[in-house]
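Listing of target.cif; format and content: mmCIF, C-alpha atoms.
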```cif
data_coords
#
loop_
_atom_site.label_atom_id
_atom_site.label_comp_id
_atom_site.auth_asym_id
_atom_site.auth_seq_id
_atom_site.Cartn_x
_atom_site.Cartn_y
_atom_site.Cartn_z
CA MET A 364 -38.25 5.42 -3.01
CA ASN A 365 -34.57 6.13 -3.58
CA LYS A 366 -32.25 4.16 -1.35
CA ILE A 367 -28.98 5.24 0.17
CA LYS A 368 -26.04 3.00 -0.68
CA ILE A 369 -23.36 2.28 1.92
CA ALA A 370 -20.03 0.74 0.93
CA ILE A 371 -18.34 -1.44 3.54
CA GLN A 372 -15.50 -3.94 3.50
CA LYS A 373 -16.42 -7.31 2.04
CA SER A 374 -14.00 -8.86 4.52
CA GLY A 375 -11.41 -7.54 6.93
CA ARG A 376 -11.09 -5.93 10.31
CA LEU A 377 -13.89 -3.38 9.83
CA SER A 378 -16.45 -5.59 8.07
CA GLU A 379 -17.99 -7.38 11.03
CA GLN A 380 -18.02 -4.30 13.25
CA SER A 381 -19.67 -2.23 10.50
CA LEU A 382 -22.45 -4.79 10.09
CA ASP A 383 -22.89 -5.08 13.88
CA LEU A 384 -23.27 -1.30 14.14
CA LEU A 385 -25.97 -1.23 11.47
CA LYS A 386 -27.82 -4.12 13.13
CA GLU A 387 -27.71 -2.34 16.49
CA ALA A 388 -29.16 0.70 14.71
CA GLY A 389 -32.16 -1.46 13.77
CA ILE A 390 -31.21 -2.18 10.16
CA SER A 391 -32.27 -5.68 9.05
CA LEU A 392 -30.17 -6.93 6.13
CA THR A 393 -30.48 -9.83 3.74
CA ASN A 394 -27.51 -12.19 3.74
CA GLY A 395 -24.89 -10.51 1.57
CA GLU A 396 -21.73 -12.32 2.63
CA LYS A 397 -21.30 -13.99 -0.75
CA ARG A 398 -22.92 -11.25 -2.79
CA LEU A 399 -21.93 -7.79 -3.89
CA ILE A 400 -25.12 -6.18 -2.55
CA SER A 401 -27.29 -6.64 0.55
CA VAL A 402 -30.67 -4.90 0.86
CA ALA A 403 -32.29 -3.71 4.09
CA SER A 404 -35.85 -4.90 4.66
CA ASN A 405 -36.90 -2.11 7.02
CA PHE A 406 -35.00 0.98 5.84
CA PRO A 407 -34.35 2.43 2.35
CA LEU A 408 -30.74 1.28 2.32
CA GLU A 409 -28.47 -1.20 0.59
CA ILE A 410 -24.94 -2.35 1.30
CA LEU A 411 -22.20 -2.63 -1.29
CA TYR A 412 -19.44 -5.08 -0.29
CA LEU A 413 -16.10 -3.83 -1.60
CA ARG A 414 -12.35 -3.96 -1.07
CA ASP A 415 -11.46 -1.39 1.60
CA ASP A 416 -9.05 0.41 -0.77
CA ASP A 417 -11.91 0.96 -3.24
CA ILE A 418 -14.46 2.40 -0.82
CA PRO A 419 -13.29 6.06 -0.77
CA GLN A 420 -13.15 6.16 -4.58
CA TYR A 421 -16.67 4.69 -4.93
CA VAL A 422 -18.01 7.32 -2.53
CA ALA A 423 -16.11 10.17 -4.23
CA ASP A 424 -17.43 9.01 -7.63
CA ASN A 425 -21.04 8.84 -6.33
CA VAL A 426 -21.35 5.09 -6.89
CA ALA A 427 -22.01 4.84 -3.16
CA ASP A 428 -23.56 7.59 -1.03
CA LEU A 429 -21.81 6.56 2.19
CA GLY A 430 -18.84 4.42 3.14
CA ILE A 431 -17.35 2.98 6.30
CA VAL A 432 -13.58 3.01 6.08
CA GLY A 433 -10.46 3.63 8.12
CA GLU A 434 -9.29 7.24 8.33
CA ASN A 435 -5.87 6.04 7.19
CA LEU A 436 -7.18 5.47 3.66
CA ILE A 437 -8.67 8.97 3.53
CA MET A 438 -5.44 10.49 4.81
CA GLU A 439 -3.34 8.56 2.30
CA LYS A 440 -5.01 9.72 -0.91
CA ALA A 441 -6.92 12.82 0.23
CA PHE A 442 -10.21 11.84 -1.43
CA THR A 443 -12.86 14.53 -1.88
CA VAL A 444 -15.44 13.14 0.54
CA ASN A 445 -17.08 14.41 3.71
CA LYS A 446 -16.31 12.80 7.06
CA VAL A 447 -19.75 12.41 8.60
CA LEU A 448 -19.06 10.57 11.85
CA LYS A 449 -16.26 8.85 13.76
CA LEU A 450 -17.45 5.37 14.66
CA GLY A 451 -15.27 4.44 17.63
CA PHE A 452 -13.96 1.09 16.38
CA GLY A 453 -11.09 -0.06 14.19
CA ARG A 454 -8.69 2.15 16.14
CA CYS A 455 -5.06 1.90 15.17
CA ARG A 456 -2.02 4.08 14.63
CA LEU A 457 0.33 4.65 11.73
CA SER A 458 3.83 4.24 13.08
CA LEU A 459 7.47 3.99 12.15
CA ALA A 460 9.25 0.87 13.37
CA ILE A 461 12.84 -0.29 13.23
CA PRO A 462 14.75 -3.49 14.14
CA LYS A 463 14.53 -4.02 17.91
CA ASN A 464 18.31 -4.08 18.39
CA GLU A 465 18.83 -0.68 16.72
CA GLU A 466 19.47 2.32 18.94
CA TYR A 467 16.90 5.09 18.46
CA LEU A 468 17.35 8.62 19.77
CA SER A 469 15.17 10.81 17.54
CA GLU A 470 13.48 11.01 14.14
CA GLN A 471 16.86 11.98 12.68
CA TYR A 472 17.49 8.24 12.64
CA PHE A 473 15.50 8.06 9.39
CA ASN A 474 17.70 10.46 7.43
CA GLY A 475 19.14 8.52 4.51
CA LYS A 476 17.30 5.32 5.44
CA LYS A 477 15.11 3.08 3.27
CA ILE A 478 11.53 2.83 4.59
CA ALA A 479 8.99 0.26 3.37
CA THR A 480 5.30 1.20 3.53
CA SER A 481 1.85 0.83 2.02
CA TYR A 482 1.17 4.48 2.89
CA PRO A 483 3.73 6.52 0.92
CA GLY A 484 1.61 9.68 0.89
CA ILE A 485 1.28 9.98 4.67
CA LEU A 486 4.92 9.01 5.15
CA ARG A 487 6.15 11.52 2.58
CA ARG A 488 4.23 14.36 4.22
CA TYR A 489 5.62 13.38 7.63
CA LEU A 490 9.20 13.30 6.38
CA GLU A 491 8.77 16.69 4.71
CA SER A 492 7.34 18.18 7.93
CA LYS A 493 10.44 17.00 9.81
CA ASN A 494 12.88 18.01 7.05
CA LEU A 495 14.00 14.41 6.70
CA SER A 496 15.26 12.74 3.54
CA ALA A 497 14.57 9.01 3.21
CA GLU A 498 14.02 6.54 0.38
CA ILE A 499 10.42 5.29 0.34
CA HIS A 500 9.73 1.75 -0.93
CA GLU A 501 6.01 1.31 -1.62
CA ILE A 502 4.85 -2.27 -1.16
CA SER A 503 1.47 -3.88 -0.48
CA GLY A 504 1.06 -6.42 2.27
CA SER A 505 3.60 -7.97 4.65
CA VAL A 506 5.40 -4.66 5.15
CA GLU A 507 6.83 -5.90 8.45
CA ILE A 508 9.12 -8.45 6.75
CA ALA A 509 10.96 -5.80 4.71
CA PRO A 510 13.83 -5.16 7.17
CA GLY A 511 14.35 -8.89 7.71
CA ILE A 512 14.87 -9.60 4.02
CA GLY A 513 17.08 -6.57 3.46
CA LEU A 514 14.54 -4.53 1.47
CA ALA A 515 14.43 -1.64 3.93
CA ASP A 516 15.95 -0.29 7.14
CA ALA A 517 12.57 0.54 8.69
CA ILE A 518 8.84 0.31 8.05
CA PHE A 519 5.86 2.61 8.27
CA ASP A 520 2.61 0.73 8.78
CA ILE A 521 -0.62 0.29 10.71
CA VAL A 522 -0.14 -0.85 14.31
CA SER A 523 -2.92 -2.13 16.56
CA SER A 524 -1.57 -4.27 19.38
CA GLY A 525 2.05 -4.27 18.22
CA SER A 526 2.28 -8.08 18.32
CA THR A 527 3.08 -8.34 14.60
CA LEU A 528 6.02 -5.98 15.04
CA ILE A 529 7.37 -7.98 17.95
CA SER A 530 7.06 -11.28 16.09
CA ASN A 531 9.11 -9.79 13.27
CA GLY A 532 11.84 -8.41 15.50
CA LEU A 533 10.75 -4.77 15.24
CA LYS A 534 9.97 -2.00 17.71
CA GLU A 535 7.64 0.99 17.31
CA VAL A 536 9.52 4.28 17.66
CA GLU A 537 7.32 7.07 16.25
CA VAL A 538 3.52 7.41 16.04
CA VAL A 539 2.82 9.55 12.98
CA ALA A 540 -1.00 9.48 12.94
CA LYS A 541 -3.99 7.83 14.58
CA SER A 542 -6.92 6.29 12.76
CA GLU A 543 -10.33 4.78 13.39
CA ALA A 544 -13.34 3.81 11.33
CA VAL A 545 -15.32 6.76 9.96
CA MET A 546 -18.50 7.21 8.01
CA ILE A 547 -17.80 9.17 4.83
CA ALA A 548 -20.29 10.68 2.38
CA ASN A 549 -20.36 11.93 -1.16
CA GLN A 550 -20.24 15.72 -1.32
CA ASN A 551 -23.11 16.12 -3.82
CA LEU A 552 -26.11 14.28 -2.40
CA SER A 553 -29.76 15.17 -2.99
CA LYS A 554 -31.87 16.60 -0.17
CA HIS A 555 -33.85 13.37 -0.07
CA LYS A 556 -30.73 11.30 0.52
CA LEU A 557 -29.37 13.78 3.05
CA ASP A 558 -32.63 13.45 5.00
CA LEU A 559 -32.33 9.64 4.96
CA ILE A 560 -28.71 9.85 6.07
CA GLU A 561 -29.61 12.12 8.98
CA LYS A 562 -32.19 9.53 10.13
CA LEU A 563 -29.56 6.82 9.92
CA MET A 564 -26.99 8.97 11.78
CA PHE A 565 -29.56 9.62 14.52
CA ARG A 566 -29.85 5.86 15.06
CA ILE A 567 -26.10 5.32 15.01
CA ARG A 568 -25.45 8.18 17.46
CA SER A 569 -28.02 6.64 19.82
CA VAL A 570 -26.12 3.34 19.69
CA GLN A 571 -22.79 5.12 20.26
CA THR A 572 -24.14 7.06 23.23
CA ALA A 573 -25.51 3.86 24.76
CA ARG A 574 -22.17 2.09 24.31
CA SER A 575 -20.29 4.83 26.19
CA ASN A 576 -22.71 4.98 29.14
CA LYS A 577 -23.98 2.62 31.82
CA TYR A 578 -27.21 2.64 33.82
CA ILE A 579 -26.55 2.54 37.57
CA LEU A 580 -28.86 1.70 40.48
CA LEU A 581 -27.83 1.89 44.12
CA ASN A 582 -29.11 2.20 47.65
CA ALA A 583 -27.90 5.36 49.40
CA PRO A 584 -28.08 6.57 53.01
CA ASN A 585 -30.14 9.73 53.10
CA ASN A 586 -27.56 11.63 55.13
CA ASN A 587 -25.11 11.34 52.19
CA LEU A 588 -27.71 11.67 49.44
CA GLN A 589 -26.75 15.16 48.28
CA ASP A 590 -23.07 14.22 47.99
CA ILE A 591 -23.98 11.13 45.96
CA ILE A 592 -26.17 13.21 43.64
CA GLN A 593 -23.21 15.51 42.97
CA ILE A 594 -21.15 12.52 41.85
CA ILE A 595 -23.79 10.97 39.56
CA PRO A 596 -25.88 13.85 38.20
CA GLY A 597 -27.33 11.75 35.35
CA MET A 598 -28.67 13.21 32.11
CA LYS A 599 -30.50 15.95 34.01
CA SER A 600 -30.75 14.66 37.55
CA PRO A 601 -30.94 11.19 39.16
CA THR A 602 -34.21 9.43 39.92
CA ILE A 603 -34.57 9.08 43.71
CA MET A 604 -37.14 6.85 45.43
CA PRO A 605 -37.50 6.16 49.15
CA LEU A 606 -36.88 2.62 50.36
CA ALA A 607 -39.07 0.77 52.87
CA ASP A 608 -36.10 0.91 55.25
CA PRO A 609 -36.17 4.41 56.88
CA GLY A 610 -33.16 6.61 56.15
CA TRP A 611 -32.38 5.03 52.77
CA SER A 612 -33.23 5.85 49.14
CA SER A 613 -32.83 4.12 45.80
CA VAL A 614 -30.89 6.21 43.28
CA HIS A 615 -31.03 5.60 39.50
CA SER A 616 -28.68 7.41 37.11
CA VAL A 617 -26.33 7.14 34.12
CA LEU A 618 -22.52 6.92 34.22
CA LYS A 619 -19.98 7.42 31.48
CA GLU A 620 -18.00 4.24 30.85
CA ASN A 621 -14.60 5.95 31.19
CA GLU A 622 -15.51 7.39 34.61
CA PHE A 623 -16.99 4.18 35.95
CA TRP A 624 -14.43 2.76 38.41
CA GLU A 625 -13.35 6.09 39.86
CA ILE A 626 -16.96 7.02 40.61
CA ILE A 627 -17.84 3.59 42.03
CA ASP A 628 -15.04 3.96 44.59
CA LYS A 629 -16.37 7.38 45.63
CA LEU A 630 -19.93 6.02 45.97
CA LYS A 631 -18.73 3.20 48.23
CA ASP A 632 -16.88 5.71 50.41
CA LEU A 633 -20.18 7.60 50.84
CA GLY A 634 -21.97 4.45 52.01
CA ALA A 635 -23.71 3.39 48.79
CA GLN A 636 -24.78 -0.26 48.80
CA GLY A 637 -26.27 -2.77 46.36
CA ILE A 638 -24.73 -1.02 43.37
CA LEU A 639 -25.99 -2.46 40.06
CA VAL A 640 -24.50 -1.46 36.70
CA ILE A 641 -26.50 -2.33 33.59
CA PRO A 642 -25.62 -1.93 29.87
CA ILE A 643 -27.82 0.46 27.89
CA GLU A 644 -29.10 -0.82 24.57
CA LYS A 645 -30.15 2.53 23.07
CA MET A 646 -29.92 6.06 24.42
CA ILE A 647 -31.84 8.99 22.94
CA ILE A 648 -30.69 12.43 24.10
#
```

Let me see whether you can do it: turn the structure in this file into structure tokens.
Amino acid sequence: MNKIKIAIQKSGRLSEQSLDLLKEAGISLTNGEKRLISVASNFPLEILYLRDDDIPQYVADNVADLGIVGENLIMEKAFTVNKVLKLGFGRCRLSLAIPKNEEYLSEQYFNGKKIATSYPGILRRYLESKNLSAEIHEISGSVEIAPGIGLADAIFDIVSSGSTLISNGLKEVEVVAKSEAVMIANQNLSKHKLDLIEKLMFRIRSVQTARSNKYILLNAPNNNLQDIIQIIPGMKSPTIMPLADPGWSSVHSVLKENEFWEIIDKLKDLGAQGILVIPIEKMII
């Protein structure tokens, strides 16, 4: 049987999270940390461990069928691949930063400046969209030291927490783009491989849905039951079971992670007690 090949980072910020996602999706892999290839034992799939910069090209050239890579790399070189799914990790932003003691009023600051970056394509398009003229210095690695050594007046780079900027005496002044890990695919796959990929995506979506939801159990006074049901409607409707104590029911439902604390406060105001919140391992909808 033909296998689908997925390219992921051999090492780096996305590598571990990519492997964790596949494991949560039920994919059992042989140890490939010191190899170029790892084969799944329970799904027609193999992993290619590559440099992150090479992944989009391997997918575009049909060496790999799929790849997990940051959107920033796709934006930079505009590879001819399909974005299949956003994966929800590896979030960062591509930002302009300047020395912390510099006064900044608007993007006009960058007119006539020297900007160091590893992403000249994205930066060039941004400058053109703002009708700005700046000198771009393309460098790889340690972009944040460029102003300190006199190579540039500003930098354009990936920012996650911002701690690296601070430690190098810089401040973030403009967010140009946002990025996260995405699954990309070759544009000319066979029907057989497309069918396998859809099965894999089904598993991954189930993991993603579970991550963004919580299972909730609570005891509710019957006189407020209808109001509580309106707050936690669940996938279709909550499960409600009478308790041995008259006038009370047990309510089981699902909450979205980003609504959790606001809804918990409302439930408490309506008299809910014994509220339990449980992680969901998989969620099929």

Explicit residues for the PyMOL selection byres ((chain A and resi 549-563) around 9) (as a short mmCIF file (atom, residue, chain, number, x, y, z; two decimals) with C-alpha atoms, in the frame of the given file):
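Result went into expr-v5.cif, see below:
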```cif
data_model
loop_
_atom_site.label_atom_id
_atom_site.label_comp_id
_atom_site.auth_asym_id
_atom_site.auth_seq_id
_atom_site.Cartn_x
_atom_site.Cartn_y
_atom_site.Cartn_z
CA ASN A 365 -34.57 6.13 -3.58
CA LYS A 366 -32.25 4.16 -1.35
CA ILE A 367 -28.98 5.24 0.17
CA LEU A 385 -25.97 -1.23 11.47
CA ALA A 388 -29.16 0.70 14.71
CA PHE A 406 -35.00 0.98 5.84
CA PRO A 407 -34.35 2.43 2.35
CA LEU A 408 -30.74 1.28 2.32
CA TYR A 421 -16.67 4.69 -4.93
CA VAL A 422 -18.01 7.32 -2.53
CA ALA A 423 -16.11 10.17 -4.23
CA ASP A 424 -17.43 9.01 -7.63
CA ASN A 425 -21.04 8.84 -6.33
CA VAL A 426 -21.35 5.09 -6.89
CA ALA A 427 -22.01 4.84 -3.16
CA ASP A 428 -23.56 7.59 -1.03
CA LEU A 429 -21.81 6.56 2.19
CA GLY A 430 -18.84 4.42 3.14
CA THR A 443 -12.86 14.53 -1.88
CA VAL A 444 -15.44 13.14 0.54
CA ASN A 445 -17.08 14.41 3.71
CA ILE A 547 -17.80 9.17 4.83
CA ALA A 548 -20.29 10.68 2.38
CA MET A 564 -26.99 8.97 11.78
CA PHE A 565 -29.56 9.62 14.52
CA ARG A 566 -29.85 5.86 15.06
CA ILE A 567 -26.10 5.32 15.01
CA ARG A 568 -25.45 8.18 17.46
#
```

Given the file above and the PyMOL selection byres ((chain A and resi 450-458) around 10), which residues are selected, and can you give them as number ranges by chain? A: 376-378, 380-381, 384, 431-435, 447-449, 459-460, 482, 485-486, 518-525, 534-546, 567-568, 571, 574-575

Shortest contact to Asp415 of chain A, candidates A:Ile499, A:Met598, A:Ala403, A:Ile371, atoms counted only C-alpha atoms, goes to A:Ile371

Once you count all atoms listed in the file, which residues end up no further than 10 Å from (17.3, 14.6, 3.2) in the file's frame, shown as a PyMOL selection string? chain A and resi 471+473-476+490-491+493-498

Requested write-out: C-alpha atoms of the selected residues, as an mmCIF file, in the coordinates of the input:
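File out.cif, as written:
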```cif
data_model
loop_
_atom_site.group_PDB
_atom_site.id
_atom_site.type_symbol
_atom_site.label_atom_id
_atom_site.label_comp_id
_atom_site.auth_asym_id
_atom_site.auth_seq_id
_atom_site.Cartn_x
_atom_site.Cartn_y
_atom_site.Cartn_z
ATOM 1 C CA GLN A 471 16.860 11.980 12.680
ATOM 2 C CA PHE A 473 15.500 8.060 9.390
ATOM 3 C CA ASN A 474 17.700 10.460 7.430
ATOM 4 C CA GLY A 475 19.140 8.520 4.510
ATOM 5 C CA LYS A 476 17.300 5.320 5.440
ATOM 6 C CA LEU A 490 9.200 13.300 6.380
ATOM 7 C CA GLU A 491 8.770 16.690 4.710
ATOM 8 C CA LYS A 493 10.440 17.000 9.810
ATOM 9 C CA ASN A 494 12.880 18.010 7.050
ATOM 10 C CA LEU A 495 14.000 14.410 6.700
ATOM 11 C CA SER A 496 15.260 12.740 3.540
ATOM 12 C CA ALA A 497 14.570 9.010 3.210
ATOM 13 C CA GLU A 498 14.020 6.540 0.380
#
```

Can you measure atom CA of Arg398 of chain A to atom CA of Leu382 of chain A for me? One decimal in Å is fine.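 Separation of atom CA of Arg398 of chain A and atom CA of Leu382 of chain A: 14.4 Å.
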